[in-house]
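*Asks:* Pasting target_16.txt here (compact mmCIF, C-alpha atoms):
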# COMPACT_ATOMS: atom_id res chain seq x y z
CA PRO A 16 0.00 0.00 0.00
CA GLN A 17 1.31 3.43 -0.90
CA LEU A 18 1.94 6.15 1.66
CA PRO A 19 -0.72 8.82 1.80
CA LEU A 20 -0.01 11.97 -0.29
CA ARG A 21 0.76 14.03 2.81
CA HIS A 22 3.57 11.69 3.81
CA ARG A 23 4.99 11.48 0.33
CA LEU A 24 5.09 15.27 0.12
CA ALA A 25 6.79 15.44 3.51
CA VAL A 26 9.44 12.95 2.47
CA THR A 27 10.02 14.79 -0.83
CA ALA A 28 10.37 18.10 1.02
CA ALA A 29 12.80 16.58 3.52
CA VAL A 30 14.95 15.06 0.78
CA THR A 31 14.93 18.28 -1.25
CA PHE A 32 15.85 20.30 1.81
CA THR A 33 18.71 17.94 2.69
CA VAL A 34 20.07 17.98 -0.85
CA ALA A 35 19.84 21.79 -1.00
CA ALA A 36 21.52 22.18 2.38
CA GLY A 37 24.25 19.75 1.37
CA TRP A 38 24.81 21.60 -1.91
CA LEU A 39 25.00 24.98 -0.19
CA TYR A 40 27.45 23.62 2.36
CA LEU A 41 29.69 22.18 -0.35
CA ARG A 42 29.56 25.40 -2.31
CA HIS A 43 30.52 27.34 0.81
CA GLN A 44 33.43 24.98 1.41
CA LYS A 45 34.58 25.42 -2.17
CA GLU A 46 34.48 29.20 -1.84
CA GLN A 47 36.45 29.00 1.39
CA GLN A 48 39.06 26.82 -0.27
CA GLN A 49 39.35 29.16 -3.23
CA GLN A 50 39.71 32.10 -0.90
CA GLN A 51 42.42 30.31 1.10
CA ARG A 52 44.24 29.32 -2.07
CA HIS A 53 44.07 32.91 -3.29
CA LEU A 54 45.47 34.21 -0.02
CA ARG A 55 48.23 31.60 0.02
CA HIS A 56 49.19 32.69 -3.47
CA LEU A 57 49.26 36.34 -2.46
CA ARG A 58 51.37 35.54 0.58
CA SER A 59 53.76 33.52 -1.55
CA LEU A 60 54.30 36.70 -3.57
CA SER A 61 55.59 38.22 -0.33
CA LEU A 62 53.39 41.23 -0.78
CA GLY A 63 54.65 44.17 1.15
CA GLN A 64 57.90 42.49 2.12
CA GLY A 65 61.07 44.41 2.40
CA ASP A 66 61.62 47.81 3.90
CA PHE A 67 60.33 51.13 2.66
CA GLN A 68 61.03 54.79 3.40
CA LEU A 69 58.29 57.39 3.32
CA GLN A 70 57.52 60.66 5.10
CA ASP A 71 54.49 61.16 7.29
CA THR A 72 52.50 64.39 7.51
CA SER A 73 54.75 65.83 10.20
CA GLY A 74 57.86 65.30 8.11
CA ARG A 75 59.15 62.27 10.00
CA THR A 76 60.67 59.47 7.98
CA ARG A 77 58.79 56.22 8.45
CA SER A 78 59.98 52.76 7.59
CA LYS A 79 58.54 49.27 7.95
CA ALA A 80 59.94 48.95 11.48
CA ASP A 81 57.71 51.79 12.70
CA PHE A 82 54.63 49.69 12.09
CA LEU A 83 55.75 46.43 13.65
CA GLY A 84 53.73 45.50 16.69
CA SER A 85 50.53 46.87 15.22
CA TRP A 86 47.85 45.66 12.83
CA VAL A 87 47.76 47.94 9.81
CA LEU A 88 45.11 48.67 7.19
CA LEU A 89 46.86 50.29 4.27
CA TYR A 90 45.25 52.06 1.31
CA PHE A 91 46.92 53.55 -1.78
CA GLY A 92 45.21 56.59 -3.27
CA PHE A 93 45.53 60.29 -4.08
CA THR A 94 43.81 63.43 -2.86
CA HIS A 95 42.58 64.59 -6.28
CA CYS A 96 40.61 61.37 -6.61
CA PRO A 97 37.01 61.99 -7.85
CA ASP A 98 35.10 59.41 -5.87
CA VAL A 99 36.77 56.06 -5.23
CA CYS A 100 39.33 57.16 -2.63
CA PRO A 101 36.89 59.10 -0.42
CA GLU A 102 34.51 56.13 -0.56
CA GLN A 103 37.24 53.65 0.33
CA LEU A 104 38.56 55.83 3.14
CA GLU A 105 35.03 56.23 4.49
CA ARG A 106 34.66 52.48 4.41
CA LEU A 107 38.00 52.00 6.14
CA SER A 108 37.07 54.55 8.82
CA ARG A 109 33.72 52.85 9.35
CA ALA A 110 35.38 49.41 9.62
CA LEU A 111 37.77 50.83 12.22
CA GLU A 112 34.88 52.23 14.23
CA LEU A 113 33.22 48.81 14.19
CA LEU A 114 36.44 47.17 15.40
CA GLU A 115 36.97 49.82 18.08
CA ALA A 116 33.47 49.16 19.39
CA GLN A 117 34.51 45.60 20.19
CA PRO A 118 36.20 45.21 23.57
CA GLY A 119 39.44 43.25 23.73
CA LEU A 120 40.63 43.78 20.16
CA PRO A 121 44.04 45.34 19.49
CA PRO A 122 43.95 48.73 17.76
CA VAL A 123 44.43 48.90 13.99
CA GLN A 124 46.56 51.60 12.40
CA PRO A 125 45.02 53.10 9.25
CA VAL A 126 47.58 54.25 6.69
CA PHE A 127 47.09 56.19 3.47
CA VAL A 128 49.95 56.13 0.95
CA THR A 129 49.68 58.59 -1.89
CA VAL A 130 50.24 57.46 -5.47
CA ASP A 131 50.52 61.12 -6.50
CA PRO A 132 53.53 62.43 -4.55
CA GLN A 133 53.93 65.31 -7.03
CA ARG A 134 50.82 67.01 -5.69
CA ASP A 135 50.21 65.23 -2.39
CA ASP A 136 52.75 66.75 -0.06
CA MET A 137 52.47 66.65 3.74
CA ALA A 138 50.12 69.62 3.91
CA ALA A 139 47.82 68.22 1.24
CA LEU A 140 47.61 64.85 3.01
CA ARG A 141 46.95 66.50 6.37
CA ARG A 142 44.06 68.50 4.90
CA TYR A 143 42.65 65.48 3.11
CA LEU A 144 42.82 63.00 5.97
CA ARG A 145 41.15 65.44 8.39
CA ASP A 146 37.81 64.31 6.96
CA PHE A 147 38.40 60.66 7.85
CA HIS A 148 39.36 58.63 10.91
CA PRO A 149 41.43 60.73 13.35
CA ARG A 150 44.23 58.16 13.60
CA PHE A 151 44.81 58.03 9.85
CA LEU A 152 48.49 58.28 9.01
CA GLY A 153 49.37 59.85 5.66
CA LEU A 154 52.56 58.90 3.87
CA THR A 155 54.26 60.56 0.92
CA GLY A 156 57.78 60.71 -0.45
CA SER A 157 59.77 61.12 -3.61
CA PRO A 158 58.29 59.61 -6.79
CA GLY A 159 60.94 56.88 -6.56
CA GLN A 160 60.11 56.00 -2.95
CA VAL A 161 56.39 55.86 -3.68
CA ARG A 162 56.92 53.81 -6.82
CA GLU A 163 58.94 51.31 -4.80
CA VAL A 164 56.30 50.82 -2.11
CA ALA A 165 53.54 50.48 -4.69
CA ALA A 166 55.62 47.87 -6.51
CA ARG A 167 56.12 45.89 -3.30
CA PHE A 168 52.36 45.63 -2.98
CA ARG A 169 51.85 44.97 -6.68
CA VAL A 170 49.70 48.08 -6.83
CA TYR A 171 49.18 49.38 -10.36
CA VAL A 172 49.73 53.15 -10.68
CA SER A 173 49.35 55.17 -13.85
CA ALA A 174 48.97 58.96 -14.02
CA GLY A 175 46.68 60.09 -16.81
CA PRO A 176 47.39 62.93 -19.25
CA PRO A 177 47.06 66.41 -17.73
CA ASP A 178 44.34 68.69 -19.06
CA SER A 179 44.57 72.42 -19.82
CA ASP A 180 44.94 73.48 -16.19
CA GLY A 181 47.42 70.76 -15.36
CA ASP A 182 44.98 68.58 -13.47
CA TYR A 183 45.16 64.81 -13.94
CA VAL A 184 43.78 61.66 -12.37
CA VAL A 185 45.90 58.70 -11.33
CA ASP A 186 44.56 55.32 -12.28
CA HIS A 187 45.42 52.81 -9.56
CA SER A 188 44.46 49.45 -8.05
CA VAL A 189 41.75 49.98 -5.48
CA LEU A 190 42.88 47.79 -2.61
CA THR A 191 43.10 47.94 1.15
CA PHE A 192 45.84 45.73 2.61
CA LEU A 193 45.83 44.13 6.05
CA LEU A 194 49.24 43.66 7.65
CA ASP A 195 49.78 41.87 10.95
CA PRO A 196 51.99 43.04 13.86
CA ASP A 197 54.94 41.17 12.28
CA GLY A 198 54.56 43.25 9.15
CA MET A 199 53.30 40.27 7.16
CA PHE A 200 50.62 40.60 4.55
CA ARG A 201 47.40 38.88 5.68
CA ASP A 202 44.61 39.89 3.38
CA CYS A 203 43.49 42.48 0.87
CA TYR A 204 40.09 43.96 0.24
CA GLY A 205 38.74 45.23 -3.06
CA SER A 206 36.22 47.97 -3.54
CA ALA A 207 33.17 45.72 -3.41
CA ARG A 208 33.49 44.62 0.22
CA THR A 209 31.49 46.51 2.83
CA ALA A 210 32.81 48.02 6.07
CA GLU A 211 31.08 45.27 8.02
CA GLU A 212 32.76 42.58 5.91
CA LEU A 213 36.13 44.26 6.41
CA ALA A 214 35.70 44.45 10.17
CA ARG A 215 34.58 40.83 10.31
CA SER A 216 37.55 39.69 8.22
CA VAL A 217 40.09 41.67 10.26
CA ARG A 218 38.63 40.29 13.47
CA GLY A 219 38.91 36.81 12.01
CA HIS A 220 42.61 37.31 11.34
CA MET A 221 43.35 38.62 14.81
CA PRO B 17 39.12 69.68 -3.31
CA THR B 18 37.86 69.64 0.26
CA MET B 19 35.09 67.38 1.51
CA GLU B 20 32.55 70.19 1.10
CA GLU B 21 33.68 70.82 -2.48
CA ARG B 22 33.56 67.10 -3.24
CA LYS B 23 30.04 66.80 -1.88
CA ALA B 24 28.92 69.87 -3.84
CA CYS B 25 30.37 68.32 -6.99
CA TRP B 26 28.75 64.94 -6.36
CA GLY B 27 25.44 66.65 -5.64
CA ALA B 28 25.58 68.60 -8.91
CA ARG B 29 26.51 65.42 -10.75
CA ASP B 30 23.60 63.51 -9.19
CA GLU B 31 21.14 66.26 -10.11
CA PHE B 32 22.42 66.27 -13.67
CA TRP B 33 22.20 62.48 -13.89
CA GLN B 34 18.68 62.45 -12.43
CA CYS B 35 17.67 64.96 -15.10
CA LEU B 36 19.17 62.73 -17.80
CA ASP B 37 17.29 59.76 -16.36
CA ARG B 38 14.04 61.70 -16.49
CA HIS B 39 14.60 62.80 -20.10
CA GLY B 40 15.98 59.60 -21.58
CA ASP B 41 19.56 60.88 -21.70
CA ASP B 42 18.61 63.89 -23.79
CA ALA B 43 21.43 66.20 -22.75
CA ALA B 44 19.78 69.18 -24.47
CA LYS B 45 17.02 69.14 -21.85
CA CYS B 46 19.51 69.34 -19.00
CA GLU B 47 21.77 72.16 -20.14
CA LYS B 48 21.45 74.21 -16.98
CA LEU B 49 22.28 71.29 -14.68
CA ARG B 50 25.14 70.30 -16.96
CA ARG B 51 26.63 73.78 -16.61
CA ALA B 52 26.17 73.67 -12.83
CA PHE B 53 27.87 70.27 -12.76
CA GLU B 54 30.78 71.53 -14.84
CA SER B 55 31.20 74.59 -12.64
CA ARG B 56 31.21 72.65 -9.38
CA CYS B 57 33.62 69.90 -10.44
CA PRO B 58 37.20 69.96 -11.67
CA GLN B 59 37.45 69.29 -15.41
CA GLN B 60 39.17 65.94 -14.82
CA TRP B 61 36.32 64.82 -12.58
CA VAL B 62 33.71 65.82 -15.18
CA LYS B 63 35.50 63.62 -17.71
CA HIS B 64 35.76 60.82 -15.17
CA PHE B 65 32.06 60.98 -14.29
CA ASP B 66 31.02 61.17 -17.95
CA LYS B 67 32.93 57.95 -18.58
CA ARG B 68 31.42 56.43 -15.47
CA ARG B 69 27.93 57.26 -16.66
CA ASP B 70 28.61 55.58 -19.99
CA PHE B 71 29.94 52.55 -18.16
CA LEU B 72 26.94 52.36 -15.83
CA LYS B 73 24.55 52.59 -18.79
CA TYR B 74 26.45 49.88 -20.64
CA LYS B 75 26.42 47.67 -17.55
CA LYS B 76 22.66 48.18 -17.16
CA LYS B 77 22.19 47.31 -20.81
CA LEU B 78 24.15 44.07 -20.35
CA GLU B 79 22.12 43.19 -17.29
CA THR B 80 18.76 43.79 -18.91
CA GLU B 81 19.38 42.84 -22.52
CA GLY B 82 22.21 40.36 -22.25
CA PHE B 83 25.47 40.28 -24.11
CA HIS B 84 25.28 39.95 -27.91
CA PRO B 85 28.87 40.00 -29.16
CA TYR B 86 28.01 39.40 -32.80
CA GLU B 87 25.75 42.40 -33.05
CA THR B 88 28.64 44.84 -32.72
CA ALA B 89 28.78 46.76 -35.96
CA GLY B 90 31.96 46.75 -37.99
CA LYS B 91 33.37 43.56 -36.56
CA SER B 92 33.94 40.69 -38.96
What does this structure look like when you write it as structure tokens?

*Replies:*
Amino acid sequence: PQLPLRHRLAVTAAVTFTVAAGWLYLRHQKEQQQQQRHLRHLRSLSLGQGDFQLQDTSGRTRSKADFLGSWVLLYFGFTHCPDVCPEQLERLSRALELLEAQPGLPPVQPVFVTVDPQRDDMAALRRYLRDFHPRFLGLTGSPGQVREVAARFRVYVSAGPPDSDGDYVVDHSVLTFLLDPDGMFRDCYGSARTAEELARSVRGHM
Amino acid sequence: PTMEERKACWGARDEFWQCLDRHGDDAAKCEKLRRAFESRCPQQWVKHFDKRRDFLKYKKKLETEGFHPYETAGKS
């Protein structure tokens, strides 16, 4: 004798649900593995390894050693940026606020490195960073010094042609890098991630 | 530009774009807002945002109509 319709429907629903749950779980695992593989690859490139020399907004020379002992969120941008850099800095500031709201987490040092050292001197960076998180550290230097740091992080930088009043935009990779207290690269975040995702990821690394 | 100047520029851009949306991208109907946009934003930013608008429209087109690579004129 066949099971009544009600039971057959219940069994079908249970099987479907189990299959769907299993599929979602496997897909999640696959994404995790891909993410881990991607990060391992980035770490094998030794992103951000080696020393650098830049000047902060008070004129002090800063090198890699100055940041050891602290988690760092590092963003490359320029002050004449139309929209992306302010958005990314807002996001970074918001992520920091979320992390600061959590008791027991070590502080994170936000750093902004200019890819336009020609125009972004100490004063320009000071003015610009005033609108974002108060602990933001701005770094500039000679074109050679900046080029070197960008290269260490595999950050693409390309100044566009100047227009009639000498203004130009600098095309660059939009990435925020997470470095641990040993100065090692841990993760990088593209423009699509939200502040909440950033905070969650940083917390996960800590 | 300072934060205030940036926001003024973005505001002018948004008003101009909203006008274009209302008039089916007929720039002639939005002259005044176009001039306001150009006066509030650095030239480089105007160019950047114009390109961005084209990109956003193209992206929307792809999302709604799908990608038809063989319909591109002039390609053999």

*Asks:* Taking all atoms listed in the file into account, name the residue in A:Ala110, A:Val123, A:Lys79, A:Gln68 that is nearest to A:Gly159.

*Replies:* A:Gln68

*Asks:* How far is it from atom CA of A:Pro176 to atom CA of B:Lys63, in Å with one decimal?

*Replies:*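 Spanning atom CA of A:Pro176 to atom CA of B:Lys63 is a straight-line distance of 12.0 Å.
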
*Asks:* What are the residues of chain A lining chain B at 8 Å or less? Count only C-alpha atoms, and put the answer as a list of chain:residue names.

*Replies:*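 So the residues of chain A near chain B are A:Thr94, A:His95, A:Pro97, A:Arg142, A:Tyr143, A:Asp146, A:Asp178, A:Asp182, A:Tyr183, A:Val184.
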
*Asks:* For the residues selected in the previous step, produce a file with C-alpha atoms as a compact mmCIF listing (two decimals), in the coordinates of the input.

*Replies:*
# COMPACT_ATOMS: atom_id res chain seq x y z
CA THR A 94 43.81 63.43 -2.86
CA HIS A 95 42.58 64.59 -6.28
CA PRO A 97 37.01 61.99 -7.85
CA ARG A 142 44.06 68.50 4.90
CA TYR A 143 42.65 65.48 3.11
CA ASP A 146 37.81 64.31 6.96
CA ASP A 178 44.34 68.69 -19.06
CA ASP A 182 44.98 68.58 -13.47
CA TYR A 183 45.16 64.81 -13.94
CA VAL A 184 43.78 61.66 -12.37

*Asks:* Mind checking which residues fall within 6 Å of A:Leu154, counting only C-alpha atoms, ignoring those fewer than 5 positions away in the same chain, and posting them as a PyMOL selection string?

*Replies:* chain A and resi 69-71+128

*Asks:* Which protein, DNA or RNA residues have an atom at most 9 Å from (38.5, 53.2, 8.9), counting only C-alpha atoms? List them as a list in words.

*Replies:*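 Those within range, by chain then number, are Leu88, Gln103, Leu104, Glu105, Arg106, Leu107, Ser108, Arg109, Ala110, Leu111, Glu112, Leu113, Val123, Gln124, Pro125, Phe147, His148, Arg150, Phe151 and Ala210 of chain A.
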
*Asks:* Which of these, A:Asp98, A:Asp186, A:Trp86, A:Leu114, has the shortest distance to A:Asp131 once you count only C-alpha atoms?

*Replies:*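 Looking only at the distances to A:Asp131, the closest residue turns out to be A:Asp186.
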
*Asks:* If we count all atoms listed in the file and set the cut-off at 10 Å, which residues sit around A:Leu140, ignoring sequence neighbours fewer than 3 positions away in its own chain? Please answer as a PyMOL selection string.

*Replies:* chain A and resi 71-72+93-94+127-129+132+134-137+143-145+152-155
